[in-house]
Amino acid sequence: MQHVIILCVMLVAALLPERSWAGPTSFTPAPNTFKTVAMPKSPVVSDEKPVLLTADRIDYQQQEEVIIASGKVEIVQGETIVLCDRLVYDRKQEIVHVYGNVSITDETGNVVFAEEAELRDEMNQAVIEQFKARMNDESLFASARAVRVNENVLKLDHAVYSPCKVTCADDLEEGESKHSPMWQMRADHVTVDNEKQTVVYRNAWMELFGLPIFYTPYLSHATPGADGKSGITIPEFEHNDNLGNVYRLPIYYAIAPDKAASFTPVYTSREGPILLTEYKQKFDSGQLDINTSITRPRDRDAAGNLAPGRQLRGHVFAGGEFEEGDDTRWGFDIKRTTDDTYLRKYDIDGSTLLQSRVYGQTYNFTDSGTRSALSAEGVAFQGLAASDDSQRIPLALPLVNFDYETSPGIYGSRYFIDSNALVLSRDIGANTRRLSNTIGWRLPYITDNGQVIEFKTQLRGDIYEVSEVALNNGETFDGVTGRLVPEASALWRYPFINQMEVTSIMVEPVVSAAISPNGGNPEEISNEDSLVPEFTDTNLFSDNRFAGYDRIEHGPRVSYGVRSLVNYKKIYVDGLFGQHYRQQEDRNFPFSNDLSDKLSDYVGKLGLQYNPLYFAYRFRLDKESLSPRRREIDLQYSGKRLNIQTTYILLKNDPIFASREEIASRVALDVTKNWAVGASVRRDLQLNFLTNAGGELTFKNECVNISGVIDRIYTRDRDVEPDTKYLLRISLKNLN
């Protein structure tokens, strides 16, 4: 009996990854009928995974030295289960035969099926008839005959592979008919190598719904669930007006477990070939990612017309970030291209401004509550718009920031220091060297009746060494200038909350006030980082609404408004409405279209969230007529089958952005379990024309993802013409 147990276990070893199996050296059983037997302890049998055998009958033909187990034979060892109708072990020839409904399930969930199998050479070799194997990802192998060469290599003859759902005859319900999978690979010979994690086909046809559509003498892909493997992935086909017919053939190369590269030759009928490359590597402390492209098409003039000669075009995007401990990190993000229109023409990136930076940051938070942060970086820009002049685009190197806060003192107050240093240079135009330091004290305070008050005092000093700064009189200034600005500010808010059974309401009046000397923005200081100030609900109560250091708000000023929040069951409504007043006229920061007025326009927000719906409305209203000067609407619906996102913006005679009105929307709908449609549109309502429109149709199931995309861009920029793009993507499971 024990030998039968060992033989069945050896059958598992023959068809699955190699294990050590053993038992007693002699055994002479008599015919017997039994149910379940546990493998007795043996010096070489693992105690951690005992073996159990269940069968209806076992016989031993002593003269022929043949052991036979029959009737619902089942062997269980750990998570491995072997089932068969009959087992015959010929001890003289050392051959094991298993018959009838053979199935083996391993610990990963893979299941092997067969009608008959023969095992030889101490069970290291196997010949299996009518072989079938269902992998743990539901993909299926089937062949007329399978030969197990060793514990890692399995060879199949006249084999079929498919990850698609296959309806077997036994699973059919009354009235149903058996059908072929959506796609499958059929080959004369298939080799499955678990050690190399590859599946190799020779003389193979790809079939679609049972019809052959593609032949290849050789094809290789990774085994289901394998690590990333090298090879050719699914190609892409596209047509657009700028490039003509486009064919991409990505090639993936797995260099090592921590690094990989891809090479994508691209053929375009209008512009010739392009090569795209990508390299990725992970380190213990971070990661690296490099993307490049290169091509050499025929030259074109400024209007996009063909000209004699050829030009080298391409790009480099390289990024990496690394950590040194929990509080320090450094990295780089480099983005450069050979010319203004290359990235958009070749559909690589739609940016009109590229920013490259190298940076380092460190943080320190102590148990006592002291906090500090230091960062240093260098920043370079590449302007890609037709109006950009590369000689006037600045280089910021270095840009250093240091922030420090003491631990909480009396009443929770803190002292703080904010420092900034900048060297900014350009070939033509103003150059700046800046050192800014702010020292201050902050005190948060909550009264007994719930009023929240924060006091802050600070002293800021800025020193500038500048050259070629344009003055209002038409002259330029070279030299040293600066400013010393003391400031005191306070923020007061008083939340009123009414909590009911299913509803809570919060209304909070807010007032912020600040005072500092007038004249804080001398014209000798070049404005480099505060060119586009915006007055919105997000900065209504800020002390200084300028984003950078070169411009500051000054003089007495106050902001006031009301916040509110209503929570009814799962409905959340929040709102804000307020206004700003300044004592001193300051044209640097436009609070309304009337730059000389001391009262700002009204700004506010209204938001609604009721899953799956989200709605936000931000506005700026004229203080006299309440007519809209700025509107922003964001509408999102995220349901199980339907997703909608719509944004709308309106600007009327804005001092910075002039007039603008635009709407953009995207809709995605899962029509059925397998079919989905999507559409997007962007329209300039002021000029009354579409800037972009597109649609997508997708089919996906357990083994394939097919999407067709059409996209129309109506804008023109030099050699980038208005473009209609047609794209077909096909993704086959386990073949990508």
# chains A, B, ... in the order shown; residues from 1 in each chain; ligands from 1
call {"tool": "residues_around", "arguments": {"residues": "Arg313 in chain A", "least_positions_apart": "2", "cutoff": "12 Å", "atoms": "only C-alpha atoms", "output": "list in words"}}
result
Glu271, Gly272, Pro273, Ile274, Leu275, Leu276, Thr292, Ser293, Ile294, Thr295, Arg296, Pro297, Arg298, Asp299, Arg300, Arg310, Gln311, His315, Val316, Arg336, Thr337, Thr338, Asp339, Asp340, Thr341, Tyr342, Leu343, Lys345 and Tyr346 of chain A
call {"tool": "write_last_selection", "arguments": {"atoms": "C-alpha atoms", "output": "PDB file, in the first residue's frame"}}
result
ATOM      1  CA  GLU A 271       7.933  61.727 -42.672  1.00  0.00           C
ATOM      2  CA  GLY A 272       9.950  58.513 -42.811  1.00  0.00           C
ATOM      3  CA  PRO A 273      11.117  56.301 -39.925  1.00  0.00           C
ATOM      4  CA  ILE A 274      11.413  57.241 -36.235  1.00  0.00           C
ATOM      5  CA  LEU A 275      13.013  55.344 -33.375  1.00  0.00           C
ATOM      6  CA  LEU A 276      11.525  55.622 -29.867  1.00  0.00           C
ATOM      7  CA  THR A 292      14.217  59.376 -26.281  1.00  0.00           C
ATOM      8  CA  SER A 293      13.349  59.598 -29.966  1.00  0.00           C
ATOM      9  CA  ILE A 294      15.240  60.432 -33.130  1.00  0.00           C
ATOM     10  CA  THR A 295      14.383  60.906 -36.794  1.00  0.00           C
ATOM     11  CA  ARG A 296      15.807  62.628 -39.898  1.00  0.00           C
ATOM     12  CA  PRO A 297      12.947  63.778 -42.136  1.00  0.00           C
ATOM     13  CA  ARG A 298      13.045  66.170 -45.075  1.00  0.00           C
ATOM     14  CA  ASP A 299      13.446  69.794 -44.060  1.00  0.00           C
ATOM     15  CA  ARG A 300      10.515  72.226 -43.975  1.00  0.00           C
ATOM     16  CA  ARG A 310      17.130  66.976 -44.161  1.00  0.00           C
ATOM     17  CA  GLN A 311      17.139  67.867 -40.468  1.00  0.00           C
ATOM     18  CA  HIS A 315      13.788  64.594 -27.888  1.00  0.00           C
ATOM     19  CA  VAL A 316      15.097  63.457 -24.509  1.00  0.00           C
ATOM     20  CA  ARG A 336      14.513  68.875 -24.114  1.00  0.00           C
ATOM     21  CA  THR A 337      13.645  68.708 -27.791  1.00  0.00           C
ATOM     22  CA  THR A 338      15.404  69.739 -30.982  1.00  0.00           C
ATOM     23  CA  ASP A 339      12.763  72.232 -32.141  1.00  0.00           C
ATOM     24  CA  ASP A 340       9.439  73.854 -31.291  1.00  0.00           C
ATOM     25  CA  THR A 341       6.943  71.655 -33.130  1.00  0.00           C
ATOM     26  CA  TYR A 342       8.561  68.205 -33.076  1.00  0.00           C
ATOM     27  CA  LEU A 343       6.762  66.819 -29.998  1.00  0.00           C
ATOM     28  CA  LYS A 345       3.846  66.856 -34.849  1.00  0.00           C
ATOM     29  CA  TYR A 346       4.949  63.348 -33.903  1.00  0.00           C
TER      30      TYR A 346
END
call {"tool": "closest_atom_pairs", "arguments": {"of": "range 133-244 of chain A", "to": "range 708-724 of chain A", "cutoff": "12 Å", "atoms": "only C-alpha atoms", "output": "CSV"}}
result
residue,atom,partner,partner_atom,distance
A:Glu236,CA,A:Gly708,CA,10.7
A:Phe237,CA,A:Gly708,CA,9.9
A:Glu238,CA,A:Val709,CA,9.1
A:His239,CA,A:Thr724,CA,8.0
A:Asn240,CA,A:Thr724,CA,5.3
A:Asp241,CA,A:Asp723,CA,5.1
A:Asn242,CA,A:Asp723,CA,6.3
A:Leu243,CA,A:Asp723,CA,9.3
A:Gly244,CA,A:Thr724,CA,10.1
call {"tool": "residues_around", "arguments": {"residues": "Leu687 in chain A", "least_positions_apart": "5", "cutoff": "10 Å", "atoms": "only C-alpha atoms", "output": "list in words"}}
result
Arg660, Glu661 and Glu662 of chain A
call {"tool": "write_last_selection", "arguments": {"atoms": "N, CA, C and O atoms", "output": "PDB file, in the first residue's frame"}}
result
ATOM      1  N   ARG A 660     -11.939  85.328 -22.466  1.00  0.00           N
ATOM      2  CA  ARG A 660     -11.835  83.921 -22.850  1.00  0.00           C
ATOM      3  C   ARG A 660     -13.105  83.206 -22.416  1.00  0.00           C
ATOM      4  O   ARG A 660     -13.648  83.463 -21.342  1.00  0.00           O
ATOM      5  N   GLU A 661     -13.594  82.310 -23.280  1.00  0.00           N
ATOM      6  CA  GLU A 661     -14.736  81.469 -22.934  1.00  0.00           C
ATOM      7  C   GLU A 661     -14.548  80.118 -23.621  1.00  0.00           C
ATOM      8  O   GLU A 661     -14.395  80.050 -24.833  1.00  0.00           O
ATOM      9  N   GLU A 662     -14.564  79.054 -22.837  1.00  0.00           N
ATOM     10  CA  GLU A 662     -14.245  77.736 -23.364  1.00  0.00           C
ATOM     11  C   GLU A 662     -14.998  76.673 -22.592  1.00  0.00           C
ATOM     12  O   GLU A 662     -15.251  76.804 -21.393  1.00  0.00           O
TER      13      GLU A 662
END
call {"tool": "atom_distance", "arguments": {"atom1": "CA of Gln382 in chain A", "atom2": "CA of Gln355 in chain A"}}
result
6.5 Å
call {"tool": "select_by_dssp", "arguments": {"residues": "range 195-395 of chain A", "states": "helix (DSSP H, G or I)", "output": "ChimeraX atom specification"}}
result
/A:342-345,390-392
call {"tool": "write_last_selection", "arguments": {"atoms": "N, CA, C and O atoms", "output": "CSV table (one decimal), in the first residue's frame"}}
result
chain,number,residue,atom,x,y,z
A,342,TYR,N,8.3,69.6,-32.9
A,342,TYR,CA,8.6,68.2,-33.1
A,342,TYR,C,7.6,67.3,-32.2
A,342,TYR,O,7.0,66.4,-32.7
A,343,LEU,N,7.5,67.7,-30.9
A,343,LEU,CA,6.8,66.8,-30.0
A,343,LEU,C,5.3,66.7,-30.4
A,343,LEU,O,4.7,65.7,-30.3
A,344,ARG,N,4.7,67.8,-30.8
A,344,ARG,CA,3.3,67.8,-31.2
A,344,ARG,C,3.1,67.2,-32.6
A,344,ARG,O,2.1,66.5,-32.8
A,345,LYS,N,4.0,67.4,-33.5
A,345,LYS,CA,3.8,66.9,-34.8
A,345,LYS,C,3.9,65.3,-34.8
A,345,LYS,O,3.1,64.6,-35.5
A,390,SER,N,14.3,82.2,-27.4
A,390,SER,CA,15.2,81.4,-26.5
A,390,SER,C,16.2,82.3,-25.8
A,390,SER,O,16.6,81.9,-24.7
A,391,GLN,N,16.6,83.4,-26.4
A,391,GLN,CA,17.6,84.2,-25.7
A,391,GLN,C,17.0,85.0,-24.6
A,391,GLN,O,17.8,85.5,-23.7
A,392,ARG,N,15.7,85.1,-24.5
A,392,ARG,CA,15.0,85.9,-23.4
A,392,ARG,C,14.5,84.9,-22.3
A,392,ARG,O,14.0,85.4,-21.3
call {"tool": "closest_residue", "arguments": {"among": "A:Ile525, A:Val166, A:Ile505, A:Ile497", "to": "Thr481 in chain A", "atoms": "only C-alpha atoms"}}
result
A:Ile525
call {"tool": "closest_atom_pairs", "arguments": {"of": "range 563-593 of chain A", "to": "range 528-539 of chain A", "cutoff": "9 Å", "atoms": "only C-alpha atoms", "output": "JSON lines"}}
result
{"residue": "A:Leu576", "atom": "CA", "partner": "A:Asp537", "partner_atom": "CA", "distance": 7.2}
{"residue": "A:Phe577", "atom": "CA", "partner": "A:Asp537", "partner_atom": "CA", "distance": 7.8}
{"residue": "A:Gly578", "atom": "CA", "partner": "A:Asp537", "partner_atom": "CA", "distance": 7.9}
{"residue": "A:Asn588", "atom": "CA", "partner": "A:Pro533", "partner_atom": "CA", "distance": 8.4}
{"residue": "A:Phe589", "atom": "CA", "partner": "A:Pro533", "partner_atom": "CA", "distance": 6.3}
{"residue": "A:Pro590", "atom": "CA", "partner": "A:Phe535", "partner_atom": "CA", "distance": 7.4}
{"residue": "A:Phe591", "atom": "CA", "partner": "A:Phe535", "partner_atom": "CA", "distance": 6.0}
{"residue": "A:Ser592", "atom": "CA", "partner": "A:Phe535", "partner_atom": "CA", "distance": 8.5}
call {"tool": "write_last_selection", "arguments": {"atoms": "N, CA and C atoms", "output": "PDB file, in the first residue's frame"}}
result
ATOM      1  N   LEU A 576     -18.713  79.630  -0.304  1.00  0.00           N
ATOM      2  CA  LEU A 576     -17.877  80.739   0.162  1.00  0.00           C
ATOM      3  C   LEU A 576     -18.258  81.972  -0.634  1.00  0.00           C
ATOM      4  N   PHE A 577     -18.320  83.113   0.077  1.00  0.00           N
ATOM      5  CA  PHE A 577     -18.609  84.381  -0.585  1.00  0.00           C
ATOM      6  C   PHE A 577     -17.853  85.457   0.168  1.00  0.00           C
ATOM      7  N   GLY A 578     -17.104  86.313  -0.571  1.00  0.00           N
ATOM      8  CA  GLY A 578     -16.347  87.336   0.129  1.00  0.00           C
ATOM      9  C   GLY A 578     -15.829  88.419  -0.786  1.00  0.00           C
ATOM     10  N   ASN A 588      -0.423  96.449  -9.363  1.00  0.00           N
ATOM     11  CA  ASN A 588       0.283  95.189  -9.588  1.00  0.00           C
ATOM     12  C   ASN A 588      -0.635  93.984  -9.434  1.00  0.00           C
ATOM     13  N   PHE A 589      -1.591  94.092  -8.490  1.00  0.00           N
ATOM     14  CA  PHE A 589      -2.493  92.966  -8.287  1.00  0.00           C
ATOM     15  C   PHE A 589      -3.915  93.394  -8.639  1.00  0.00           C
ATOM     16  N   PRO A 590      -4.483  92.850  -9.717  1.00  0.00           N
ATOM     17  CA  PRO A 590      -5.843  93.231 -10.125  1.00  0.00           C
ATOM     18  C   PRO A 590      -6.904  92.454  -9.346  1.00  0.00           C
ATOM     19  N   PHE A 591      -7.637  93.179  -8.489  1.00  0.00           N
ATOM     20  CA  PHE A 591      -8.752  92.561  -7.772  1.00  0.00           C
ATOM     21  C   PHE A 591     -10.068  92.738  -8.533  1.00  0.00           C
ATOM     22  N   SER A 592     -10.051  93.571  -9.547  1.00  0.00           N
ATOM     23  CA  SER A 592     -11.228  93.777 -10.388  1.00  0.00           C
ATOM     24  C   SER A 592     -10.755  94.336 -11.714  1.00  0.00           C
TER      25      SER A 592
END
call {"tool": "select_by_dssp", "arguments": {"residues": "range 267-388 of chain A", "states": "strand (DSSP E)", "output": "mmCIF file with C-alpha atoms, in the first residue's frame"}}
result
data_model
loop_
_atom_site.group_PDB
_atom_site.id
_atom_site.type_symbol
_atom_site.label_atom_id
_atom_site.label_comp_id
_atom_site.auth_asym_id
_atom_site.auth_seq_id
_atom_site.Cartn_x
_atom_site.Cartn_y
_atom_site.Cartn_z
ATOM 1 C CA TYR A 267 7.275 53.900 -39.871
ATOM 2 C CA THR A 268 5.437 56.963 -41.220
ATOM 3 C CA GLY A 272 9.950 58.513 -42.811
ATOM 4 C CA PRO A 273 11.117 56.301 -39.925
ATOM 5 C CA ILE A 274 11.413 57.241 -36.235
ATOM 6 C CA LEU A 275 13.013 55.344 -33.375
ATOM 7 C CA LEU A 276 11.525 55.622 -29.867
ATOM 8 C CA THR A 277 13.446 54.206 -26.898
ATOM 9 C CA GLU A 278 12.753 53.850 -23.188
ATOM 10 C CA TYR A 279 14.976 52.657 -20.358
ATOM 11 C CA LYS A 280 13.793 51.998 -16.790
ATOM 12 C CA GLN A 281 15.743 50.911 -13.758
ATOM 13 C CA LYS A 282 14.858 50.567 -10.094
ATOM 14 C CA GLY A 286 14.832 55.175 -6.143
ATOM 15 C CA GLN A 287 14.220 54.784 -9.857
ATOM 16 C CA LEU A 288 15.340 56.054 -13.257
ATOM 17 C CA ASP A 289 13.312 56.559 -16.447
ATOM 18 C CA ILE A 290 14.707 57.777 -19.790
ATOM 19 C CA ASN A 291 12.667 58.323 -22.982
ATOM 20 C CA THR A 292 14.217 59.376 -26.281
ATOM 21 C CA SER A 293 13.349 59.598 -29.966
ATOM 22 C CA ILE A 294 15.240 60.432 -33.130
ATOM 23 C CA THR A 295 14.383 60.906 -36.794
ATOM 24 C CA ARG A 298 13.045 66.170 -45.075
ATOM 25 C CA ASP A 299 13.446 69.794 -44.060
ATOM 26 C CA ARG A 300 10.515 72.226 -43.975
ATOM 27 C CA LEU A 306 9.056 71.002 -47.896
ATOM 28 C CA ALA A 307 12.526 72.459 -48.413
ATOM 29 C CA PRO A 308 15.819 71.009 -49.724
ATOM 30 C CA GLY A 309 17.873 68.909 -47.321
ATOM 31 C CA ARG A 310 17.130 66.976 -44.161
ATOM 32 C CA ARG A 313 14.830 65.931 -34.953
ATOM 33 C CA GLY A 314 14.258 64.238 -31.626
ATOM 34 C CA HIS A 315 13.788 64.594 -27.888
ATOM 35 C CA VAL A 316 15.097 63.457 -24.509
ATOM 36 C CA PHE A 317 12.923 63.096 -21.403
ATOM 37 C CA ALA A 318 14.929 61.787 -18.447
ATOM 38 C CA GLY A 319 13.787 61.608 -14.843
ATOM 39 C CA GLY A 320 14.909 60.046 -11.617
ATOM 40 C CA GLU A 321 14.247 60.390 -7.911
ATOM 41 C CA PHE A 322 16.246 58.899 -5.052
ATOM 42 C CA GLU A 323 15.842 58.846 -1.278
ATOM 43 C CA THR A 328 16.217 63.464 2.209
ATOM 44 C CA ARG A 329 15.607 63.038 -1.492
ATOM 45 C CA TRP A 330 17.160 64.272 -4.701
ATOM 46 C CA GLY A 331 16.428 63.889 -8.354
ATOM 47 C CA PHE A 332 16.209 65.360 -11.803
ATOM 48 C CA ASP A 333 13.624 65.853 -14.531
ATOM 49 C CA ILE A 334 15.142 66.793 -17.886
ATOM 50 C CA LYS A 335 12.942 67.661 -20.878
ATOM 51 C CA ARG A 336 14.513 68.875 -24.114
ATOM 52 C CA THR A 337 13.645 68.708 -27.791
ATOM 53 C CA LEU A 353 6.760 74.874 -22.527
ATOM 54 C CA LEU A 354 9.313 72.338 -21.273
ATOM 55 C CA GLN A 355 10.792 72.635 -17.788
ATOM 56 C CA SER A 356 13.975 70.851 -16.716
ATOM 57 C CA ARG A 357 15.118 70.752 -13.108
ATOM 58 C CA VAL A 358 17.696 69.183 -10.835
ATOM 59 C CA TYR A 359 16.796 69.275 -7.151
ATOM 60 C CA GLY A 360 17.581 68.144 -3.640
ATOM 61 C CA GLN A 361 15.349 68.352 -0.541
ATOM 62 C CA THR A 362 15.776 67.529 3.110
ATOM 63 C CA TYR A 363 13.319 67.712 6.008
ATOM 64 C CA ASN A 364 13.714 67.570 9.761
ATOM 65 C CA PHE A 365 10.899 67.100 12.277
ATOM 66 C CA ARG A 371 10.357 71.750 11.883
ATOM 67 C CA SER A 372 12.750 72.670 9.095
ATOM 68 C CA ALA A 373 13.051 72.134 5.342
ATOM 69 C CA LEU A 374 15.863 72.928 2.919
ATOM 70 C CA SER A 375 15.647 72.639 -0.866
ATOM 71 C CA ALA A 376 17.988 73.578 -3.689
ATOM 72 C CA GLU A 377 17.354 73.292 -7.406
ATOM 73 C CA GLY A 378 18.276 74.492 -10.829
ATOM 74 C CA VAL A 379 15.522 75.186 -13.365
ATOM 75 C CA ALA A 380 15.761 75.696 -17.129
ATOM 76 C CA PHE A 381 12.986 76.288 -19.645
ATOM 77 C CA GLN A 382 12.473 75.657 -23.345
ATOM 78 C CA GLY A 383 9.670 77.648 -24.939
#
call {"tool": "residues_around", "arguments": {"residues": "Ser489 in chain A", "least_positions_apart": "6", "cutoff": "8 Å", "atoms": "only C-alpha atoms", "output": "number ranges by chain"}}
result
A: 455-457, 512-515, 543
call {"tool": "residues_around", "arguments": {"residues": "Asp106 in chain A", "least_positions_apart": "6", "cutoff": "7 Å", "atoms": "only C-alpha atoms", "output": "VMD selection string"}}
result
chain A and resid 79 to 81
call {"tool": "write_last_selection", "arguments": {"atoms": "N, CA and C atoms", "output": "PDB file, in the first residue's frame"}}
result
ATOM      1  N   GLU A  79      -1.054  21.364  -0.902  1.00  0.00           N
ATOM      2  CA  GLU A  79      -2.096  21.930  -1.751  1.00  0.00           C
ATOM      3  C   GLU A  79      -2.139  21.268  -3.122  1.00  0.00           C
ATOM      4  N   THR A  80      -1.415  20.174  -3.300  1.00  0.00           N
ATOM      5  CA  THR A  80      -1.395  19.454  -4.567  1.00  0.00           C
ATOM      6  C   THR A  80      -2.343  18.266  -4.502  1.00  0.00           C
ATOM      7  N   ILE A  81      -3.184  18.123  -5.531  1.00  0.00           N
ATOM      8  CA  ILE A  81      -4.186  17.053  -5.579  1.00  0.00           C
ATOM      9  C   ILE A  81      -4.066  16.331  -6.920  1.00  0.00           C
TER      10      ILE A  81
END
call {"tool": "residues_around", "arguments": {"residues": "Glu64 in chain A", "least_positions_apart": "3", "cutoff": "12 Å", "atoms": "only C-alpha atoms", "output": "MDAnalysis selection string"}}
result
chainID A and resid 59:61 67:68 88:93
call {"tool": "atom_distance", "arguments": {"atom1": "CA of Tyr549 in chain A", "atom2": "CA of Leu650 in chain A"}}
result
28.8 Å
call {"tool": "residues_around", "arguments": {"residues": "range 404-419 of chain A", "least_positions_apart": "4", "cutoff": "8 Å", "atoms": "only C-alpha atoms", "output": "compact mmCIF listing (two decimals) with all heavy atoms, in the first residue's frame"}}
result
# COMPACT_ATOMS: atom_id res chain seq x y z
N SER A 368 10.27 67.41 19.70
CA SER A 368 9.84 68.61 20.43
C SER A 368 8.93 69.51 19.61
O SER A 368 8.34 70.45 20.15
CB SER A 368 11.06 69.40 20.89
OG SER A 368 11.80 69.87 19.76
N GLY A 369 8.82 69.23 18.30
CA GLY A 369 7.94 70.02 17.44
C GLY A 369 8.66 70.98 16.52
O GLY A 369 8.02 71.67 15.71
N THR A 370 10.00 71.03 16.59
CA THR A 370 10.76 71.87 15.67
C THR A 370 10.67 71.30 14.25
O THR A 370 10.78 70.09 14.05
CB THR A 370 12.23 71.95 16.10
OG1 THR A 370 12.29 72.51 17.41
CG2 THR A 370 13.03 72.82 15.15
N ARG A 371 10.50 72.19 13.27
CA ARG A 371 10.36 71.75 11.88
C ARG A 371 11.24 72.60 10.98
O ARG A 371 11.30 73.82 11.14
CB ARG A 371 8.90 71.86 11.43
CG ARG A 371 7.94 71.03 12.25
CD ARG A 371 6.50 71.18 11.80
NE ARG A 371 5.95 72.49 12.11
CZ ARG A 371 4.64 72.75 12.17
NH1 ARG A 371 3.76 71.78 11.94
NH2 ARG A 371 4.21 73.95 12.45
N SER A 372 11.92 71.93 10.04
CA SER A 372 12.75 72.67 9.09
C SER A 372 12.76 71.94 7.76
O SER A 372 12.58 70.73 7.69
CB SER A 372 14.18 72.83 9.62
OG SER A 372 14.81 71.57 9.74
N ALA A 373 12.98 72.70 6.69
CA ALA A 373 13.05 72.13 5.34
C ALA A 373 14.03 72.96 4.52
O ALA A 373 14.02 74.20 4.57
CB ALA A 373 11.67 72.13 4.68
N LEU A 435 18.35 87.72 -2.55
CA LEU A 435 18.41 87.09 -1.25
C LEU A 435 17.28 87.67 -0.41
O LEU A 435 17.22 88.88 -0.19
CB LEU A 435 19.75 87.34 -0.56
CG LEU A 435 19.91 86.72 0.84
CD1 LEU A 435 19.80 85.20 0.76
CD2 LEU A 435 21.25 87.14 1.46
N SER A 436 16.36 86.78 0.04
CA SER A 436 15.19 87.22 0.80
C SER A 436 15.14 86.47 2.12
O SER A 436 15.33 85.24 2.15
CB SER A 436 13.91 86.97 0.00
OG SER A 436 12.77 87.26 0.77
N ASN A 437 14.88 87.20 3.20
CA ASN A 437 14.76 86.59 4.53
C ASN A 437 13.56 87.17 5.25
O ASN A 437 13.36 88.40 5.26
CB ASN A 437 16.01 86.84 5.37
CG ASN A 437 17.16 85.95 4.95
OD1 ASN A 437 17.21 84.78 5.28
ND2 ASN A 437 18.10 86.54 4.19
N THR A 438 12.78 86.30 5.85
CA THR A 438 11.63 86.71 6.65
C THR A 438 11.73 86.06 8.02
O THR A 438 11.89 84.84 8.12
CB THR A 438 10.30 86.31 5.98
OG1 THR A 438 10.23 86.91 4.68
CG2 THR A 438 9.11 86.76 6.81
N ILE A 439 11.63 86.89 9.06
CA ILE A 439 11.62 86.40 10.44
C ILE A 439 10.28 86.80 11.05
O ILE A 439 9.86 87.96 10.94
CB ILE A 439 12.78 87.00 11.25
CG1 ILE A 439 14.12 86.63 10.60
CG2 ILE A 439 12.75 86.50 12.69
CD1 ILE A 439 15.30 87.29 11.26
N GLY A 440 9.62 85.87 11.71
CA GLY A 440 8.30 86.18 12.22
C GLY A 440 7.91 85.36 13.43
O GLY A 440 8.62 84.46 13.88
N TRP A 441 6.72 85.68 13.91
CA TRP A 441 6.14 85.03 15.10
C TRP A 441 4.66 84.83 14.84
O TRP A 441 3.97 85.74 14.35
CB TRP A 441 6.38 85.88 16.33
CG TRP A 441 5.74 85.37 17.61
CD1 TRP A 441 6.15 84.34 18.37
CD2 TRP A 441 4.58 85.91 18.25
NE1 TRP A 441 5.32 84.18 19.48
CE2 TRP A 441 4.35 85.13 19.42
CE3 TRP A 441 3.69 86.97 17.96
CZ2 TRP A 441 3.28 85.37 20.29
CZ3 TRP A 441 2.63 87.20 18.84
CH2 TRP A 441 2.44 86.41 19.98
N ARG A 442 4.16 83.63 15.14
CA ARG A 442 2.77 83.28 14.87
C ARG A 442 2.14 82.75 16.15
O ARG A 442 2.71 81.90 16.85
CB ARG A 442 2.71 82.23 13.77
CG ARG A 442 1.31 81.84 13.36
CD ARG A 442 1.33 80.72 12.32
NE ARG A 442 1.95 81.14 11.06
CZ ARG A 442 3.10 80.70 10.61
NH1 ARG A 442 3.80 79.82 11.33
NH2 ARG A 442 3.60 81.12 9.45
N LEU A 443 0.91 83.24 16.45
CA LEU A 443 0.20 82.81 17.66
C LEU A 443 -1.22 82.39 17.30
O LEU A 443 -2.04 83.24 16.93
CB LEU A 443 0.15 83.95 18.69
CG LEU A 443 -0.76 83.70 19.91
CD1 LEU A 443 -0.22 82.55 20.75
CD2 LEU A 443 -0.90 84.97 20.75
N PRO A 444 -1.55 81.10 17.40
CA PRO A 444 -2.94 80.66 17.25
C PRO A 444 -3.65 80.72 18.60
O PRO A 444 -3.06 80.42 19.65
CB PRO A 444 -2.80 79.22 16.76
CG PRO A 444 -1.51 78.75 17.37
CD PRO A 444 -0.62 79.96 17.50
N TYR A 445 -4.93 81.10 18.56
CA TYR A 445 -5.66 81.25 19.83
C TYR A 445 -7.13 80.92 19.60
O TYR A 445 -7.72 81.32 18.60
CB TYR A 445 -5.52 82.68 20.36
CG TYR A 445 -6.23 82.91 21.67
CD1 TYR A 445 -5.75 82.36 22.85
CD2 TYR A 445 -7.40 83.68 21.71
CE1 TYR A 445 -6.41 82.57 24.06
CE2 TYR A 445 -8.06 83.91 22.91
CZ TYR A 445 -7.57 83.34 24.08
OH TYR A 445 -8.24 83.54 25.27
call {"tool": "atom_distance", "arguments": {"atom1": "CA of Asp349 in chain A", "atom2": "CA of Thr233 in chain A"}}
result
22.4 Å
call {"tool": "closest_residue", "arguments": {"among": "A:Val246, A:Leu491, A:Val507, A:Ala430", "to": "Leu727 in chain A", "atoms": "only C-alpha atoms"}}
result
A:Val246
